[in-house]
$ cat protein-v9.cif   # mmCIF, C-alpha atoms and all ligand atoms
data_my_file
loop_
_atom_site.label_atom_id
_atom_site.label_comp_id
_atom_site.auth_asym_id
_atom_site.auth_seq_id
_atom_site.Cartn_x
_atom_site.Cartn_y
_atom_site.Cartn_z
CA MET A 1 -6.35 -3.33 1.97
CA ALA A 2 -9.37 -3.57 -0.11
CA ILE A 3 -8.84 -3.76 -3.85
CA TYR A 4 -9.90 -0.35 -5.11
CA LEU A 5 -11.79 0.31 -8.33
CA CYS A 6 -8.80 2.47 -9.40
CA HIS A 7 -6.58 -0.60 -8.94
CA GLU A 8 -8.81 -2.74 -11.15
CA GLN A 9 -9.38 -0.02 -13.77
CA PRO A 10 -6.51 2.49 -13.59
CA ASP A 11 -7.74 4.34 -16.70
CA LEU A 12 -11.32 4.84 -15.46
CA TYR A 13 -11.77 8.56 -14.87
CA GLU A 14 -15.54 8.97 -15.30
CA HIS A 15 -18.41 6.70 -14.29
CA SER A 16 -21.87 6.68 -12.79
CA ALA A 17 -22.54 5.80 -9.15
CA ASN A 18 -25.31 5.78 -6.58
CA VAL A 19 -25.54 7.86 -3.43
CA VAL A 20 -25.76 5.57 -0.40
CA ALA A 21 -25.54 8.21 2.37
CA HIS A 22 -25.27 11.96 2.69
CA ARG A 23 -24.41 14.65 5.20
CA THR A 24 -23.69 18.36 4.89
CA GLY A 25 -20.61 18.78 2.72
CA ALA A 26 -20.19 15.15 1.63
CA VAL A 27 -21.85 12.15 0.01
CA ALA A 28 -20.99 8.46 0.21
CA LEU A 29 -21.18 6.51 -3.05
CA ASP A 30 -21.58 2.82 -3.82
CA ARG A 31 -18.55 2.87 -6.13
CA SER A 32 -15.80 5.33 -6.92
CA ALA A 33 -12.69 5.51 -9.08
CA PHE A 34 -11.17 7.98 -6.60
CA HIS A 35 -8.04 6.83 -4.80
CA PRO A 36 -8.53 7.67 -1.11
CA GLY A 37 -4.82 8.30 -0.48
CA GLY A 38 -2.64 6.48 2.00
CA GLY A 39 0.93 5.45 2.65
CA GLY A 40 1.96 9.08 2.26
CA GLN A 41 0.31 9.53 -1.11
CA VAL A 42 -2.30 12.26 -1.42
CA GLY A 43 -5.70 11.05 -2.69
CA ASP A 44 -7.58 11.93 -5.86
CA ILE A 45 -9.60 15.09 -6.35
CA GLY A 46 -12.38 15.67 -8.89
CA THR A 47 -16.09 16.40 -9.20
CA ILE A 48 -19.51 14.85 -8.75
CA GLU A 49 -22.40 15.87 -10.98
CA SER A 50 -26.07 15.40 -10.25
CA GLY A 51 -28.92 16.81 -12.31
CA GLY A 52 -26.69 19.45 -13.92
CA THR A 53 -25.15 20.57 -10.60
CA VAL A 54 -21.41 20.00 -10.24
CA VAL A 55 -19.56 20.04 -6.92
CA VAL A 56 -15.81 19.91 -6.42
CA VAL A 57 -14.52 16.99 -4.35
CA THR A 58 -11.29 17.55 -2.41
CA GLY A 59 -10.80 14.02 -1.13
CA ILE A 60 -12.17 10.81 0.35
CA GLU A 61 -12.80 9.97 4.00
CA VAL A 62 -13.15 6.25 4.52
CA GLU A 63 -15.47 5.42 7.43
CA PRO A 64 -15.49 1.77 8.51
CA THR A 65 -18.98 0.47 9.36
CA PRO A 66 -20.21 -3.04 10.24
CA SER A 67 -21.66 -3.39 6.74
CA GLY A 68 -18.52 -2.17 4.97
CA ASP A 69 -16.59 1.03 4.43
CA LEU A 70 -18.42 4.25 3.58
CA TRP A 71 -16.48 6.33 1.07
CA TRP A 72 -17.33 9.94 1.88
CA HIS A 73 -16.62 12.26 -1.05
CA VAL A 74 -15.83 15.53 0.70
CA PHE A 75 -16.90 18.75 -1.04
CA SER A 76 -14.69 21.83 -1.30
CA ASP A 77 -17.61 23.78 0.22
CA PRO A 78 -18.22 22.26 3.67
CA GLU A 79 -21.63 23.97 3.83
CA ALA A 80 -22.83 22.60 0.50
CA GLY A 81 -26.20 20.95 0.82
CA VAL A 82 -26.73 17.55 -0.67
CA SER A 83 -30.51 17.40 -1.01
CA PHE A 84 -30.13 17.39 -4.79
CA PHE A 85 -27.93 14.28 -4.60
CA ASP A 86 -30.20 11.32 -4.89
CA GLY A 87 -29.84 8.20 -6.97
CA ASP A 88 -27.47 8.43 -9.93
CA VAL A 89 -24.52 10.78 -10.01
CA VAL A 90 -21.56 11.11 -12.38
CA VAL A 91 -18.10 10.84 -10.80
CA ARG A 92 -15.13 12.46 -12.52
CA VAL A 93 -11.53 12.07 -11.36
CA ASP A 94 -9.17 15.01 -12.03
CA VAL A 95 -6.90 13.40 -14.64
CA GLU A 96 -4.06 15.94 -14.39
CA HIS A 97 -3.88 15.61 -10.61
CA ARG A 98 -3.93 11.81 -10.85
CA HIS A 99 -1.16 11.83 -13.45
CA ARG A 100 1.00 14.28 -11.48
CA VAL A 101 0.73 12.20 -8.32
CA ALA A 102 1.13 8.85 -10.13
CA SER A 103 4.23 10.13 -11.94
CA LEU A 104 5.99 11.28 -8.81
CA HIS A 105 4.88 8.20 -6.91
CA THR A 106 6.28 5.89 -9.62
CA MET A 107 9.55 7.80 -9.59
CA SER A 108 9.69 7.45 -5.81
CA HIS A 109 9.74 3.66 -6.38
CA VAL A 110 12.63 4.08 -8.81
CA LEU A 111 14.53 6.26 -6.35
CA ASN A 112 13.78 3.77 -3.60
CA ALA A 113 15.15 0.94 -5.79
CA PHE A 114 18.46 2.74 -6.26
CA VAL A 115 18.76 3.65 -2.58
CA PHE A 116 17.96 0.04 -1.61
CA GLU A 117 20.63 -1.25 -3.99
CA GLU A 118 23.30 1.36 -3.33
CA PHE A 119 22.98 1.35 0.44
CA GLU A 120 22.39 -2.35 1.10
CA GLY A 121 18.77 -2.78 2.01
CA SER A 122 18.07 0.63 3.46
CA LEU A 123 14.35 0.89 4.30
CA VAL A 124 11.87 3.71 3.93
CA THR A 125 10.82 5.28 7.24
CA GLY A 126 8.38 7.82 5.82
CA ALA A 127 7.07 9.21 2.55
CA SER A 128 4.89 11.96 1.21
CA ILE A 129 3.67 12.43 -2.37
CA ASN A 130 1.84 15.75 -2.74
CA GLY A 131 -0.63 17.12 -5.26
CA ASP A 132 1.68 19.93 -6.39
CA GLY A 133 4.32 17.68 -7.97
CA THR A 134 6.63 17.60 -4.95
CA GLY A 135 7.39 14.83 -2.49
CA ARG A 136 9.85 13.37 -0.04
CA MET A 137 11.12 10.04 1.17
CA ASP A 138 12.93 9.31 4.44
CA PHE A 139 15.44 6.45 4.61
CA ASP A 140 17.16 4.77 7.53
CA LEU A 141 20.60 5.96 6.49
CA SER A 142 23.42 7.30 8.58
CA ALA A 143 27.07 8.16 8.06
CA ILE A 144 26.91 8.58 4.31
CA ASP A 145 27.89 11.43 2.05
CA ASN A 146 24.78 13.27 0.86
CA ASP A 147 26.41 13.76 -2.56
CA ARG A 148 25.97 10.03 -3.12
CA LEU A 149 22.21 10.47 -2.65
CA ARG A 150 22.15 13.53 -4.93
CA ALA A 151 23.90 11.49 -7.61
CA LEU A 152 20.88 9.16 -7.83
CA GLU A 153 18.93 11.81 -9.79
CA ALA A 154 20.74 10.81 -13.01
CA PRO A 155 19.90 7.08 -12.93
CA VAL A 156 16.26 7.90 -12.05
CA ASN A 157 16.03 10.09 -15.16
CA ASP A 158 17.76 7.35 -17.13
CA VAL A 159 14.90 4.99 -16.15
CA ILE A 160 12.37 7.55 -17.44
CA GLY A 161 14.28 7.62 -20.74
CA ARG A 162 14.34 3.82 -20.99
CA GLY A 163 10.54 3.52 -20.82
CA LEU A 164 10.15 0.54 -18.51
CA ALA A 165 6.71 -1.08 -18.16
CA VAL A 166 5.04 -0.70 -14.75
CA GLU A 167 2.34 -3.13 -13.64
CA ALA A 168 0.52 -4.27 -10.53
CA VAL A 169 0.71 -7.97 -9.63
CA TYR A 170 -0.73 -9.85 -6.67
CA VAL A 171 1.12 -12.49 -4.67
CA SER A 172 0.19 -14.36 -1.49
CA ALA A 173 1.33 -12.68 1.72
CA ASP A 174 3.31 -15.86 2.51
CA GLU A 175 5.18 -15.65 -0.78
CA ALA A 176 5.92 -11.99 -0.19
CA ALA A 177 7.22 -12.69 3.30
CA SER A 178 9.64 -15.30 1.90
CA LYS A 179 11.29 -12.76 -0.42
CA PRO A 180 13.18 -10.08 1.45
CA GLY A 181 12.97 -6.62 -0.08
CA LEU A 182 9.37 -6.64 -1.28
CA VAL A 183 8.19 -4.65 1.69
CA ARG A 184 10.53 -1.64 1.85
CA SER A 185 8.68 0.62 4.16
CA LEU A 186 8.86 0.43 7.92
CA SER A 187 5.94 2.81 8.34
CA VAL A 188 3.70 2.72 5.27
CA ALA A 189 3.53 -0.96 4.27
CA PRO A 190 0.08 -1.77 2.89
CA PRO A 191 -1.89 -4.52 4.63
CA PRO A 192 -2.83 -7.59 2.57
CA THR A 193 -6.16 -7.82 0.72
CA PRO A 194 -9.04 -9.64 2.51
CA ASP A 195 -8.06 -12.89 0.74
CA GLY A 196 -4.46 -12.60 1.98
CA ARG A 197 -2.75 -11.28 -1.14
CA LEU A 198 -0.31 -8.43 -1.39
CA ARG A 199 -0.31 -5.91 -4.22
CA LEU A 200 3.13 -5.45 -5.74
CA ILE A 201 4.22 -2.80 -8.20
CA ASP A 202 6.62 -4.29 -10.74
CA ILE A 203 8.90 -1.99 -12.72
CA ASP A 204 10.22 -4.21 -15.47
CA GLY A 205 13.70 -5.49 -14.68
CA LEU A 206 14.31 -2.89 -11.97
CA ASP A 207 12.12 -3.18 -8.92
CA ARG A 208 9.22 -4.93 -7.25
CA GLN A 209 7.69 -3.73 -4.00
CA ALA A 210 4.41 -3.76 -2.09
CA CYS A 211 2.26 -0.65 -2.61
CA GLY A 212 -1.39 0.38 -2.75
CA GLY A 213 -0.99 3.75 -4.49
CA THR A 214 -1.50 5.01 -8.04
CA HIS A 215 1.27 4.60 -10.62
CA LEU A 216 2.07 5.13 -14.28
CA SER A 217 1.93 2.18 -16.69
CA ASN A 218 5.32 3.11 -18.19
CA THR A 219 8.19 5.15 -16.75
CA ALA A 220 8.41 7.16 -20.02
CA GLU A 221 5.11 8.89 -19.08
CA SER A 222 6.91 10.76 -16.27
CA PRO A 223 8.28 14.28 -16.63
CA PRO A 224 11.95 14.74 -15.64
CA PHE A 225 12.77 14.08 -11.98
CA LYS A 226 14.77 16.40 -9.74
CA ILE A 227 16.21 15.94 -6.26
CA THR A 228 15.68 19.34 -4.67
CA LYS A 229 17.10 18.90 -1.17
CA ILE A 230 18.65 16.38 1.20
CA GLU A 231 18.24 16.81 4.92
CA ASN A 232 19.55 14.94 7.93
CA LYS A 233 16.60 13.95 10.13
CA GLY A 234 18.14 12.74 13.34
CA LYS A 235 21.06 10.36 13.58
CA HIS A 236 19.70 7.57 11.43
CA ASN A 237 17.48 9.23 8.86
CA ARG A 238 17.99 11.12 5.62
CA ARG A 239 15.17 12.98 3.94
CA ILE A 240 15.29 13.30 0.16
CA ARG A 241 13.02 16.00 -1.25
CA PHE A 242 12.17 15.77 -4.94
CA ALA A 243 9.89 17.12 -7.63
CA SER A 244 8.65 16.50 -11.14
CA ILE A 245 9.88 19.16 -13.55
CA GLY A 246 7.13 20.29 -15.89
ZN ZN B 1 3.58 2.97 -5.02
#
$ encode --input "protein-v9.cif" --output "structure tokens"
Amino acid sequence: MAIYLCHEQPDLYEHSANVVAHRTGAVALDRSAFHPGGGGQVGDIGTIESGGTVVVVTGIEVEPTPSGDLWWHVFSDPEAGVSFFDGDVVVRVDVEHRHRVASLHTMSHVLNAFVFEEFEGSLVTGASINGDGTGRMDFDLSAIDNDRLRALEAPVNDVIGRGLAVEAVYVSADEAASKPGLVRSLSVAPPPTPDGRLRLIDIDGLDRQACGGTHLSNTAESPPFKITKIENKGKHNRRIRFASIG
């Protein structure tokens, strides 16, 4: 994957940018702190302002072109004209939405760490982190008591209480391949960067795994975590539904 601006500057929520292309209901910008989503994580939302006019942006569509990706910022009003969008605009990321998604996403890593440890290398087969503070993860688990999965809620909340540092580090794809366990997902593993590195999210002393999403910088920033439901999805999969409380 490309290295996103929101990876390089996770606390950048407002900046100027230039319009490089437009169409009805969307503009493409030369730079953006928006996360486009991916790997099951919903993308950022926010606004773009130009000459005193503000439009709501509901997400990013990435369009590959021979000269690089176009990042279309899609407006909530699909009919919105863009003739007033020329040159400089101000991009603002919705901070509450980002925090809600990053919190739950970070806690999904913590949950994943405990499942991986408790059930001997069980991998993720699917994941979804939504904008409303709910999410789910599917694991390749069979023949286990669902109460053992439910019991993982307590250690996840314990990690929130301990306030562990969370940071992104980059390692070579070769190095990552030599250490089993860094890539936990069968379906949503991020591709390496163009120079062959893999982005890992390190939760101090607990977990390290490849991911391209948005995360907290400390587990203490997360609201309490709740496992809301466990479902059997076929013979070899369990779905854990969860939410941030508050
Ligand atoms: Zn992640």
$ residues_near_ligand --input "protein-v9.cif" --ligand "ligand ZN 1 (chain B)" --cutoff "6 Å" --atoms "all atoms listed in the file" --output "PDB file with C-alpha atoms, keeping the file's coordinate frame"
ATOM      1  CA  HIS A 105       4.880   8.200  -6.910  1.00  0.00           C
ATOM      2  CA  CYS A 211       2.260  -0.650  -2.610  1.00  0.00           C
ATOM      3  CA  GLY A 213      -0.990   3.750  -4.490  1.00  0.00           C
TER       4      GLY A 213
END
$ closest_residue --input "protein-v9.cif" --among "A:Asp140, A:Val159, A:His215, A:Pro194" --to "His236 of chain A" --atoms "only C-alpha atoms"
A:Asp140
$ closest_atom_pairs --input "protein-v9.cif" --of "segment 72-179 of chain A" --to "segment 220-223 of chain A" --cutoff "10 Å" --atoms "all atoms listed in the file" --output "JSON lines"
{"residue": "A:His99", "atom": "CA", "partner": "A:Ser222", "partner_atom": "CA", "distance": 8.6}
{"residue": "A:Arg100", "atom": "CA", "partner": "A:Ser222", "partner_atom": "CA", "distance": 8.4}
{"residue": "A:Ala102", "atom": "CA", "partner": "A:Ser222", "partner_atom": "CA", "distance": 8.6}
{"residue": "A:Ser103", "atom": "CA", "partner": "A:Ser222", "partner_atom": "CA", "distance": 5.1}
{"residue": "A:Leu104", "atom": "CA", "partner": "A:Ser222", "partner_atom": "CA", "distance": 7.5}
{"residue": "A:His105", "atom": "CA", "partner": "A:Ser222", "partner_atom": "CA", "distance": 9.9}
{"residue": "A:Thr106", "atom": "CA", "partner": "A:Ser222", "partner_atom": "CA", "distance": 8.3}
{"residue": "A:Met107", "atom": "CA", "partner": "A:Ser222", "partner_atom": "CA", "distance": 7.8}
{"residue": "A:Asn157", "atom": "CA", "partner": "A:Pro223", "partner_atom": "CA", "distance": 8.9}
{"residue": "A:Asp158", "atom": "CA", "partner": "A:Ala220", "partner_atom": "CA", "distance": 9.8}
{"residue": "A:Val159", "atom": "CA", "partner": "A:Ala220", "partner_atom": "CA", "distance": 7.9}
{"residue": "A:Ile160", "atom": "CA", "partner": "A:Ala220", "partner_atom": "CA", "distance": 4.7}
{"residue": "A:Gly161", "atom": "CA", "partner": "A:Ala220", "partner_atom": "CA", "distance": 5.9}
{"residue": "A:Arg162", "atom": "CA", "partner": "A:Ala220", "partner_atom": "CA", "distance": 6.9}
{"residue": "A:Gly163", "atom": "CA", "partner": "A:Ala220", "partner_atom": "CA", "distance": 4.3}
{"residue": "A:Leu164", "atom": "CA", "partner": "A:Ala220", "partner_atom": "CA", "distance": 7.0}
{"residue": "A:Ala165", "atom": "CA", "partner": "A:Ala220", "partner_atom": "CA", "distance": 8.6}
$ write_last_selection --input "protein-v9.cif" --atoms "C-alpha atoms" --output "short mmCIF file (atom, residue, chain, number, x, y, z; two decimals), in the coordinates of the input"
data_model
loop_
_atom_site.label_atom_id
_atom_site.label_comp_id
_atom_site.auth_asym_id
_atom_site.auth_seq_id
_atom_site.Cartn_x
_atom_site.Cartn_y
_atom_site.Cartn_z
CA HIS A 99 -1.16 11.83 -13.45
CA ARG A 100 1.00 14.28 -11.48
CA ALA A 102 1.13 8.85 -10.13
CA SER A 103 4.23 10.13 -11.94
CA LEU A 104 5.99 11.28 -8.81
CA HIS A 105 4.88 8.20 -6.91
CA THR A 106 6.28 5.89 -9.62
CA MET A 107 9.55 7.80 -9.59
CA ASN A 157 16.03 10.09 -15.16
CA ASP A 158 17.76 7.35 -17.13
CA VAL A 159 14.90 4.99 -16.15
CA ILE A 160 12.37 7.55 -17.44
CA GLY A 161 14.28 7.62 -20.74
CA ARG A 162 14.34 3.82 -20.99
CA GLY A 163 10.54 3.52 -20.82
CA LEU A 164 10.15 0.54 -18.51
CA ALA A 165 6.71 -1.08 -18.16
#
$ residues_near_point --input "protein-v9.cif" --point "(-3.0, 2.6, -10.4)" --cutoff "12 Å" --atoms "all atoms listed in the file" --output "VMD selection string"
chain A and resid 3 to 13 33 to 37 43 to 44 98 to 99 101 to 103 105 to 106 166 to 169 199 to 202 211 to 218
$ residues_near_point --input "protein-v9.cif" --point "(4.1, -13.1, 2.1)" --cutoff "12 Å" --atoms "only C-alpha atoms" --output "PyMOL selection string"
chain A and resi 170-183+191-193+196-200+209-210
$ closest_residue --input "protein-v9.cif" --among "A:Arg238, A:Arg184, A:Lys226, A:Lys233" --to "Glu153 of chain A" --atoms "all atoms listed in the file"
A:Lys226
$ atom_distance --input "protein-v9.cif" --atom1 "atom CA of Gly59 of chain A" --atom2 "atom CA of Lys229 of chain A"
28.3 Å
$ closest_residue --input "protein-v9.cif" --among "A:Arg150, A:Gly40, A:His22, A:Lys235" --to "Ala127 of chain A" --atoms "only C-alpha atoms"
A:Gly40
$ atom_distance --input "protein-v9.cif" --atom1 "atom CA of Gly87 of chain A" --atom2 "atom CA of Ser50 of chain A"
8.8 Å
$ residues_around --input "protein-v9.cif" --residues "Asp88 of chain A" --least-positions-apart "6" --cutoff "9 Å" --atoms "all atoms listed in the file" --output "PyMOL selection string"
chain A and resi 16-19+50-51
$ residues_around --input "protein-v9.cif" --residues "Val54 of chain A" --least-positions-apart "6" --cutoff "10 Å" --atoms "all atoms listed in the file" --output "list in words"
Thr47, Ile48, Val89, Val90 and Val91 of chain A
$ atom_distance --input "protein-v9.cif" --atom1 "atom CA of Leu29 of chain A" --atom2 "atom CA of Val42 of chain A"
19.8 Å
$ closest_residue --input "protein-v9.cif" --among "A:Glu96, A:Glu14, A:Glu231, A:Asp195" --to "Leu149 of chain A" --atoms "only C-alpha atoms"
A:Glu231
$ closest_atom_pairs --input "protein-v9.cif" --of "segment 51-160 of chain A" --to "segment 240-246 of chain A" --cutoff "7 Å" --atoms "all atoms listed in the file" --output "CSV"
residue,atom,partner,partner_atom,distance
A:Leu104,CA,A:Ser244,CA,6.3
A:Gly133,CA,A:Ser244,CA,5.5
A:Thr134,CA,A:Ala243,CA,4.2
A:Gly135,CA,A:Phe242,CA,5.5
A:Arg136,CA,A:Arg241,CA,4.3
A:Met137,CA,A:Ile240,CA,5.4
A:Asp138,CA,A:Ile240,CA,6.3
$ closest_residue --input "protein-v9.cif" --among "A:Thr58, A:Ala21, A:Gly46, A:Asn112" --to "Trp71 of chain A" --atoms "all atoms listed in the file"
A:Ala21
$ build_atoms --input "protein-v9.cif" --residues "segment 127-152 of chain A" --atoms "N, CA, C and O atoms" --output "JSON list (two decimals), keeping the file's coordinate frame"
[["chain", "number", "residue", "atom", "x", "y", "z"],
["A", 127, "ALA", "N", 7.17, 8.73, 3.93],
["A", 127, "ALA", "CA", 7.07, 9.21, 2.55],
["A", 127, "ALA", "C", 5.89, 10.15, 2.44],
["A", 127, "ALA", "O", 4.93, 10.05, 3.20],
["A", 128, "SER", "N", 5.99, 11.06, 1.48],
["A", 128, "SER", "CA", 4.89, 11.96, 1.21],
["A", 128, "SER", "C", 4.92, 12.32, -0.27],
["A", 128, "SER", "O", 5.95, 12.74, -0.79],
["A", 129, "ILE", "N", 3.79, 12.07, -0.96],
["A", 129, "ILE", "CA", 3.67, 12.43, -2.37],
["A", 129, "ILE", "C", 2.52, 13.43, -2.46],
["A", 129, "ILE", "O", 1.36, 13.08, -2.19],
["A", 130, "ASN", "N", 2.82, 14.67, -2.81],
["A", 130, "ASN", "CA", 1.84, 15.75, -2.74],
["A", 130, "ASN", "C", 1.18, 16.03, -4.09],
["A", 130, "ASN", "O", 1.66, 15.59, -5.13],
["A", 131, "GLY", "N", 0.11, 16.80, -4.04],
["A", 131, "GLY", "CA", -0.63, 17.12, -5.26],
["A", 131, "GLY", "C", 0.03, 18.16, -6.14],
["A", 131, "GLY", "O", -0.39, 18.36, -7.28],
["A", 132, "ASP", "N", 1.05, 18.85, -5.62],
["A", 132, "ASP", "CA", 1.68, 19.93, -6.39],
["A", 132, "ASP", "C", 2.93, 19.48, -7.14],
["A", 132, "ASP", "O", 3.71, 20.30, -7.62],
["A", 133, "GLY", "N", 3.15, 18.17, -7.23],
["A", 133, "GLY", "CA", 4.32, 17.68, -7.97],
["A", 133, "GLY", "C", 5.60, 17.65, -7.15],
["A", 133, "GLY", "O", 6.69, 17.54, -7.71],
["A", 134, "THR", "N", 5.46, 17.75, -5.82],
["A", 134, "THR", "CA", 6.63, 17.60, -4.95],
["A", 134, "THR", "C", 6.40, 16.42, -4.01],
["A", 134, "THR", "O", 5.27, 16.00, -3.79],
["A", 135, "GLY", "N", 7.51, 15.93, -3.44],
["A", 135, "GLY", "CA", 7.39, 14.83, -2.49],
["A", 135, "GLY", "C", 8.67, 14.65, -1.72],
["A", 135, "GLY", "O", 9.64, 15.39, -1.91],
["A", 136, "ARG", "N", 8.65, 13.69, -0.81],
["A", 136, "ARG", "CA", 9.85, 13.37, -0.04],
["A", 136, "ARG", "C", 9.82, 11.91, 0.35],
["A", 136, "ARG", "O", 8.76, 11.29, 0.44],
["A", 137, "MET", "N", 11.01, 11.36, 0.57],
["A", 137, "MET", "CA", 11.12, 10.04, 1.17],
["A", 137, "MET", "C", 12.20, 10.10, 2.23],
["A", 137, "MET", "O", 13.22, 10.77, 2.07],
["A", 138, "ASP", "N", 11.95, 9.41, 3.36],
["A", 138, "ASP", "CA", 12.93, 9.31, 4.44],
["A", 138, "ASP", "C", 13.47, 7.88, 4.44],
["A", 138, "ASP", "O", 12.70, 6.91, 4.32],
["A", 139, "PHE", "N", 14.79, 7.77, 4.60],
["A", 139, "PHE", "CA", 15.44, 6.45, 4.61],
["A", 139, "PHE", "C", 16.24, 6.29, 5.90],
["A", 139, "PHE", "O", 16.76, 7.26, 6.44],
["A", 140, "ASP", "N", 16.35, 5.04, 6.33],
["A", 140, "ASP", "CA", 17.16, 4.77, 7.53],
["A", 140, "ASP", "C", 18.64, 4.70, 7.15],
["A", 140, "ASP", "O", 19.22, 3.63, 7.03],
["A", 141, "LEU", "N", 19.20, 5.85, 6.92],
["A", 141, "LEU", "CA", 20.60, 5.96, 6.49],
["A", 141, "LEU", "C", 21.35, 6.83, 7.48],
["A", 141, "LEU", "O", 20.84, 7.83, 7.95],
["A", 142, "SER", "N", 22.57, 6.44, 7.76],
["A", 142, "SER", "CA", 23.42, 7.30, 8.58],
["A", 142, "SER", "C", 24.84, 7.21, 8.05],
["A", 142, "SER", "O", 25.18, 6.30, 7.30],
["A", 143, "ALA", "N", 25.64, 8.17, 8.40],
["A", 143, "ALA", "CA", 27.07, 8.16, 8.06],
["A", 143, "ALA", "C", 27.34, 7.94, 6.58],
["A", 143, "ALA", "O", 28.17, 7.14, 6.18],
["A", 144, "ILE", "N", 26.58, 8.64, 5.74],
["A", 144, "ILE", "CA", 26.91, 8.58, 4.31],
["A", 144, "ILE", "C", 27.02, 10.01, 3.79],
["A", 144, "ILE", "O", 26.48, 10.95, 4.38],
["A", 145, "ASP", "N", 27.70, 10.13, 2.69],
["A", 145, "ASP", "CA", 27.89, 11.43, 2.05],
["A", 145, "ASP", "C", 26.62, 11.76, 1.25],
["A", 145, "ASP", "O", 26.20, 10.98, 0.39],
["A", 146, "ASN", "N", 26.02, 12.91, 1.54],
["A", 146, "ASN", "CA", 24.78, 13.27, 0.86],
["A", 146, "ASN", "C", 24.95, 13.41, -0.65],
["A", 146, "ASN", "O", 23.98, 13.28, -1.40],
["A", 147, "ASP", "N", 26.18, 13.67, -1.11],
["A", 147, "ASP", "CA", 26.41, 13.76, -2.56],
["A", 147, "ASP", "C", 26.11, 12.43, -3.25],
["A", 147, "ASP", "O", 25.72, 12.40, -4.42],
["A", 148, "ARG", "N", 26.29, 11.33, -2.52],
["A", 148, "ARG", "CA", 25.97, 10.03, -3.12],
["A", 148, "ARG", "C", 24.47, 9.89, -3.34],
["A", 148, "ARG", "O", 24.03, 9.24, -4.28],
["A", 149, "LEU", "N", 23.67, 10.49, -2.45],
["A", 149, "LEU", "CA", 22.21, 10.47, -2.65],
["A", 149, "LEU", "C", 21.83, 11.39, -3.80],
["A", 149, "LEU", "O", 21.02, 11.04, -4.65],
["A", 150, "ARG", "N", 22.45, 12.59, -3.84],
["A", 150, "ARG", "CA", 22.15, 13.53, -4.93],
["A", 150, "ARG", "C", 22.45, 12.92, -6.29],
["A", 150, "ARG", "O", 21.76, 13.17, -7.26],
["A", 151, "ALA", "N", 23.48, 12.09, -6.33],
["A", 151, "ALA", "CA", 23.90, 11.49, -7.61],
["A", 151, "ALA", "C", 22.88, 10.51, -8.16],
["A", 151, "ALA", "O", 22.96, 10.12, -9.33],
["A", 152, "LEU", "N", 21.88, 10.12, -7.36],
["A", 152, "LEU", "CA", 20.88, 9.16, -7.83],
["A", 152, "LEU", "C", 19.87, 9.79, -8.78],
["A", 152, "LEU", "O", 19.11, 9.10, -9.45]]
